[in-house]
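One file, final_17.txt, carrying compact mmCIF, C-alpha atoms:
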```
# COMPACT_ATOMS: atom_id res chain seq x y z
CA MET T 3 189.82 173.67 1.10
CA TRP T 4 187.63 175.47 3.63
CA ASP T 5 188.76 173.43 6.63
CA GLN T 6 192.33 174.17 5.63
CA ARG T 7 191.67 177.90 5.28
CA TYR T 8 189.83 178.14 8.58
CA ASN T 9 192.58 176.17 10.31
CA GLU T 10 194.95 179.07 9.68
CA GLU T 11 195.77 181.35 12.58
CA GLY T 12 193.33 184.18 13.09
CA PHE T 13 190.14 184.75 11.10
CA ALA T 14 190.36 184.44 7.33
CA TYR T 15 187.79 187.21 6.73
CA GLY T 16 188.17 189.06 10.01
CA THR T 17 185.73 189.32 12.89
CA THR T 18 183.82 192.46 11.88
CA PRO T 19 180.61 192.19 9.84
CA ASN T 20 180.34 192.78 6.13
CA ASP T 21 179.79 196.51 5.44
CA PHE T 22 176.73 196.00 3.26
CA LEU T 23 175.06 193.77 5.83
CA LYS T 24 175.87 196.31 8.55
CA SER T 25 174.19 199.05 6.53
CA GLU T 26 171.04 197.04 5.70
CA PHE T 27 170.34 194.57 8.54
CA LEU T 28 167.71 196.80 10.17
CA ARG T 29 165.38 195.92 7.30
CA ILE T 30 165.07 192.44 8.87
CA PRO T 31 162.15 192.37 11.35
CA LYS T 32 163.51 193.19 14.79
CA GLY T 33 164.36 190.21 16.98
CA GLY T 34 163.55 187.74 14.22
CA ARG T 35 165.07 184.44 13.16
CA VAL T 36 167.94 184.80 10.70
CA LEU T 37 169.73 182.18 8.61
CA CYS T 38 173.30 182.89 7.49
CA LEU T 39 174.33 180.83 4.45
CA ALA T 40 177.93 179.61 4.04
CA GLU T 41 178.74 181.54 7.21
CA GLY T 42 182.28 180.25 7.77
CA GLU T 43 183.85 181.67 10.93
CA GLY T 44 180.75 183.51 12.04
CA ARG T 45 181.52 187.22 11.85
CA ASN T 46 178.13 188.14 10.36
CA ALA T 47 176.14 185.71 12.49
CA VAL T 48 177.72 187.00 15.69
CA PHE T 49 177.08 190.60 14.65
CA LEU T 50 173.40 189.85 14.07
CA ALA T 51 173.13 188.00 17.38
CA LYS T 52 174.56 191.08 19.10
CA GLN T 53 171.70 193.08 17.54
CA GLY T 54 169.13 190.79 19.17
CA TYR T 55 168.38 188.36 16.36
CA SER T 56 168.09 184.59 16.79
CA VAL T 57 170.75 183.39 14.36
CA THR T 58 171.48 180.06 12.71
CA ALA T 59 174.75 179.70 10.78
CA VAL T 60 175.10 176.92 8.22
CA ASP T 61 178.40 175.96 6.60
CA GLN T 62 180.10 172.84 5.28
CA SER T 63 183.21 173.43 7.43
CA PRO T 64 183.10 172.21 11.04
CA VAL T 65 186.40 174.04 11.58
CA GLY T 66 184.88 177.35 10.54
CA LEU T 67 181.77 176.88 12.65
CA LYS T 68 183.80 175.92 15.71
CA LYS T 69 185.54 179.29 15.40
CA ALA T 70 182.13 180.91 14.95
CA GLU T 71 180.94 179.38 18.20
CA SER T 72 184.09 180.57 19.99
CA LEU T 73 183.62 184.09 18.60
CA ALA T 74 180.03 184.11 19.84
CA VAL T 75 181.11 183.10 23.33
CA GLU T 76 183.82 185.76 23.30
CA CYS T 77 181.19 188.36 22.32
CA GLY T 78 178.69 187.17 24.93
CA VAL T 79 176.01 185.95 22.51
CA GLU T 80 174.56 182.64 21.36
CA ILE T 81 174.25 181.34 17.81
CA SER T 82 173.12 178.00 16.44
CA THR T 83 175.40 176.23 13.99
CA ILE T 84 174.66 173.52 11.44
CA VAL T 85 177.42 171.67 9.60
CA SER T 86 176.00 170.92 6.16
CA ASP T 87 176.82 171.23 2.50
CA LEU T 88 174.20 173.58 1.06
CA ALA T 89 173.45 170.91 -1.54
CA ASP T 90 172.02 168.83 1.32
CA TYR T 91 170.37 171.62 3.30
CA ASP T 92 166.66 172.42 3.16
CA LEU T 93 165.93 176.07 3.93
CA GLY T 94 162.47 175.15 5.21
CA ASN T 95 159.05 176.73 4.73
CA GLU T 96 158.20 180.15 6.23
CA VAL T 97 160.85 179.72 8.91
CA TRP T 98 163.02 182.83 8.67
CA ASP T 99 162.58 186.56 9.13
CA GLY T 100 165.91 187.08 7.37
CA ILE T 101 168.29 185.11 5.17
CA VAL T 102 171.82 186.42 4.69
CA SER T 103 174.20 185.42 1.89
CA ILE T 104 177.58 187.15 2.04
CA SER T 105 180.14 185.89 -0.48
CA ALA T 106 178.34 182.54 -0.63
CA HIS T 107 179.67 181.61 -4.06
CA LEU T 108 178.31 178.32 -5.36
CA PRO T 109 178.22 176.36 -8.62
CA ALA T 110 175.45 177.79 -10.80
CA ILE T 111 173.09 174.81 -10.49
CA LEU T 112 173.33 174.76 -6.70
CA ARG T 113 173.05 178.55 -6.44
CA LYS T 114 169.85 178.51 -8.51
CA ASP T 115 168.42 175.75 -6.32
CA ILE T 116 169.20 177.60 -3.09
CA HIS T 117 167.84 180.89 -4.43
CA SER T 118 164.66 179.17 -5.60
CA GLN T 119 164.02 178.18 -1.97
CA VAL T 120 164.51 181.65 -0.46
CA ALA T 121 161.02 183.09 -0.97
CA GLY T 122 159.35 179.98 0.42
CA ALA T 123 161.71 179.86 3.39
CA LEU T 124 161.04 183.47 4.42
CA LYS T 125 158.07 184.51 6.52
CA LYS T 126 155.86 187.31 5.18
CA ASN T 127 157.87 190.56 5.24
CA GLY T 128 161.05 188.53 5.61
CA VAL T 129 164.18 189.98 4.03
CA PHE T 130 167.00 188.49 1.96
CA ILE T 131 170.37 190.29 2.01
CA LEU T 132 173.15 189.33 -0.40
CA GLU T 133 176.54 190.61 -1.42
CA ALA T 134 178.75 188.64 -3.80
CA TYR T 135 181.56 189.21 -6.28
CA THR T 136 180.78 189.80 -9.94
CA GLU T 137 182.94 188.60 -12.83
CA ARG T 138 184.16 192.17 -13.29
CA HIS T 139 186.18 191.65 -10.12
CA LEU T 140 188.69 189.67 -12.22
CA GLN T 141 189.72 193.02 -13.73
CA MET T 142 190.32 194.54 -10.28
CA ASP T 143 193.47 194.65 -8.18
CA GLY T 144 191.69 193.57 -5.01
CA VAL T 145 191.88 190.12 -3.42
CA GLY T 146 188.70 188.06 -3.14
CA GLY T 147 186.07 186.07 -4.96
CA PRO T 148 186.21 182.88 -7.00
CA PRO T 149 189.26 182.16 -9.19
CA PRO T 150 189.13 182.77 -12.97
CA SER T 151 188.63 179.03 -13.49
CA GLN T 152 185.26 179.21 -11.67
CA LYS T 153 183.49 181.97 -13.57
CA GLU T 154 180.10 180.32 -13.04
CA PHE T 155 180.49 181.03 -9.31
CA PHE T 156 180.30 184.79 -9.87
CA MET T 157 176.91 186.48 -9.59
CA SER T 158 175.24 189.35 -11.39
CA LEU T 159 172.11 191.42 -10.87
CA ASP T 160 170.54 189.95 -14.01
CA LYS T 161 171.10 186.40 -12.77
CA LEU T 162 169.76 187.17 -9.32
CA ALA T 163 166.65 188.85 -10.71
CA THR T 164 165.74 185.61 -12.49
CA GLU T 165 166.70 183.34 -9.56
CA LEU T 166 165.01 185.15 -6.66
CA ILE T 167 161.42 184.67 -7.79
CA GLY T 168 158.76 185.77 -5.32
CA LEU T 169 160.80 188.60 -3.79
CA GLU T 170 160.49 192.35 -4.26
CA PHE T 171 163.86 194.01 -4.74
CA ILE T 172 164.44 196.99 -2.45
CA VAL T 173 168.12 197.30 -3.36
CA GLY T 174 169.70 195.84 -6.47
CA ALA T 175 173.00 197.13 -7.78
CA GLU T 176 176.40 196.18 -9.13
CA VAL T 177 179.00 198.43 -7.55
CA ASP T 178 182.74 198.89 -7.16
CA ARG T 179 183.89 199.32 -3.58
CA ASP T 180 186.90 198.82 -1.35
CA ILE T 181 186.60 195.80 0.93
CA TYR T 182 188.79 195.09 3.94
CA GLU T 183 187.75 191.79 5.53
CA GLY T 184 190.69 189.76 6.81
CA LYS T 185 193.46 188.66 4.47
CA TYR T 186 191.26 187.10 1.78
CA HIS T 187 188.99 190.08 1.00
CA GLN T 188 191.19 193.10 0.40
CA GLY T 189 191.07 196.20 -1.75
CA GLU T 190 189.23 197.32 -4.85
CA SER T 191 186.34 194.96 -5.55
CA ALA T 192 183.35 194.54 -7.88
CA VAL T 193 180.23 193.20 -6.20
CA VAL T 194 176.50 192.81 -6.60
CA GLN T 195 174.29 193.88 -3.69
CA VAL T 196 170.69 192.84 -3.12
CA VAL T 197 168.07 193.47 -0.48
CA ALA T 198 164.76 191.80 -1.31
CA CYS T 199 161.55 191.37 0.67
CA LYS T 200 158.81 188.76 0.67
CA THR T 201 155.69 190.89 0.49
CA ALA T 202 153.08 188.34 -0.60
```

Represent the structure of the file as structure tokens.
Amino acid sequence: MWDQRYNEEGFAYGTTPNDFLKSEFLRIPKGGRVLCLAEGEGRNAVFLAKQGYSVTAVDQSPVGLKKAESLAVECGVEISTIVSDLADYDLGNEVWDGIVSISAHLPAILRKDIHSQVAGALKKNGVFILEAYTERHLQMDGVGGPPPSQKEFFMSLDKLATELIGLEFIVGAEVDRDIYEGKYHQGESAVVQVVACKTA
């Protein structure tokens, strides 16, 4: 599915960064190493690279990451890309100053596994930033998020609070907001937003 979507003309989710990430990225230690999960065509990774971070983008779609690399070149920055299903990817141990998860919707078992690795993968004072659709989005008019048949892919603040063990929440909220990110994220949306820090 993702190769097909990213093969379409243009950028499926646009080339500008996610608004929540743009408002919170300065919490990540300046100039640090950042991992972008399920990064697709690279809009958030390229934005962070432009801010002076050393960015690695991981995604299962080689088509998406090729576009990410092209976007980086166009913007005069460098990013590293890794083609991998997150089920096969090890986040590492105390590697990252920041981990970013924007609309990285996964089956519940895989999501819990990935989130259980986040605290260990962050360095001390490292920061995790997430925005994802909640199930309430199915009641909205906006375009985006998993289909109704994949309700387990939606996230909630309660779920994230139990999954992100070892992190101190700085921001944690479920909000309604308008999103305009390419053709596949459009209009009134219901999302959960998290910024969490590894303090220990």

Exercise. Nearest to T:Lys185 among T:Lys69, T:His139, T:Arg29, T:Arg7, with distances taken over only C-alpha atoms: which residue is it?
Worked result: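 Selected residue with least distance to T:Lys185: T:Arg7.
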
Exercise. What's the 12 Å shell around T:Gly12, counting all atoms listed in the file, without same-chain residues fewer than 5 positions away, as a list of chain:residue names?
Worked result: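 With the cut-off at 12 Å, the set is T:Arg7, T:Thr17, T:Glu43, T:Gly66, T:Lys69, T:Ala70, T:Leu73, T:Gly184, T:Lys185, T:Tyr186.
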
Exercise. Quick one: distance from atom CA of T:Gly174 to atom CA of T:Val193 in Å, one decimal?
Worked result: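 A separation of 10.9 Å between them.
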
Problem set entry | Nearest-residue call for T:His117, choices T:Thr201, T:Thr18, T:Thr164, T:Thr83, using only C-alpha atoms | T:Thr164

Problem set entry | Exercise: stretch 103-111 of chain T partners within 8 Å, only C-alpha atoms, chain neighbours under 6 positions left out, as a list in words | Asn20, Cys38, Leu39, Ala40, Glu41, Phe130, Ile131, Leu132, Glu133, Ala134, Tyr135, Gly147, Pro148, Glu154, Phe155, Phe156 and Met157 of chain T

Only C-alpha atoms, please: the residues just picked out, written as a PDB file, keeping the file's coordinate frame.
```pdb
ATOM      1  CA  ASN T  20     180.340 192.780   6.130  1.00  0.00           C
ATOM      2  CA  CYS T  38     173.300 182.890   7.490  1.00  0.00           C
ATOM      3  CA  LEU T  39     174.330 180.830   4.450  1.00  0.00           C
ATOM      4  CA  ALA T  40     177.930 179.610   4.040  1.00  0.00           C
ATOM      5  CA  GLU T  41     178.740 181.540   7.210  1.00  0.00           C
ATOM      6  CA  PHE T 130     167.000 188.490   1.960  1.00  0.00           C
ATOM      7  CA  ILE T 131     170.370 190.290   2.010  1.00  0.00           C
ATOM      8  CA  LEU T 132     173.150 189.330  -0.400  1.00  0.00           C
ATOM      9  CA  GLU T 133     176.540 190.610  -1.420  1.00  0.00           C
ATOM     10  CA  ALA T 134     178.750 188.640  -3.800  1.00  0.00           C
ATOM     11  CA  TYR T 135     181.560 189.210  -6.280  1.00  0.00           C
ATOM     12  CA  GLY T 147     186.070 186.070  -4.960  1.00  0.00           C
ATOM     13  CA  PRO T 148     186.210 182.880  -7.000  1.00  0.00           C
ATOM     14  CA  GLU T 154     180.100 180.320 -13.040  1.00  0.00           C
ATOM     15  CA  PHE T 155     180.490 181.030  -9.310  1.00  0.00           C
ATOM     16  CA  PHE T 156     180.300 184.790  -9.870  1.00  0.00           C
ATOM     17  CA  MET T 157     176.910 186.480  -9.590  1.00  0.00           C
TER      18      MET T 157
END
```

For this session: Can you pull out every residue within 10 Å of T:Phe49, counting only C-alpha atoms, but drop anything in the same chain fewer than 6 positions away, and send it as a ChimeraX atom specification?
Result: /T:17-20,23-24,27,55,57,74,77,79

Can you write out the residues you just picked, keeping C-alpha atoms, as a tab-separated table (two decimals), keeping the file's coordinate frame?
```
chain	number	residue	atom	x	y	z
T	17	THR	CA	185.73	189.32	12.89
T	18	THR	CA	183.82	192.46	11.88
T	19	PRO	CA	180.61	192.19	9.84
T	20	ASN	CA	180.34	192.78	6.13
T	23	LEU	CA	175.06	193.77	5.83
T	24	LYS	CA	175.87	196.31	8.55
T	27	PHE	CA	170.34	194.57	8.54
T	55	TYR	CA	168.38	188.36	16.36
T	57	VAL	CA	170.75	183.39	14.36
T	74	ALA	CA	180.03	184.11	19.84
T	77	CYS	CA	181.19	188.36	22.32
T	79	VAL	CA	176.01	185.95	22.51
```

Seminar exercise, completed: Expressed in Å, the length from atom CA of T:Arg45 to atom CA of T:Tyr15 is 8.1 Å

For this session: Check the smallest atom-to-atom distance from each of T:Thr136, T:Gln141, T:Gln152, T:Asn127 to T:Glu176 using all atoms listed in the file, then report the winner.
Result: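 Smallest distance to T:Glu176 is found for T:Thr136.
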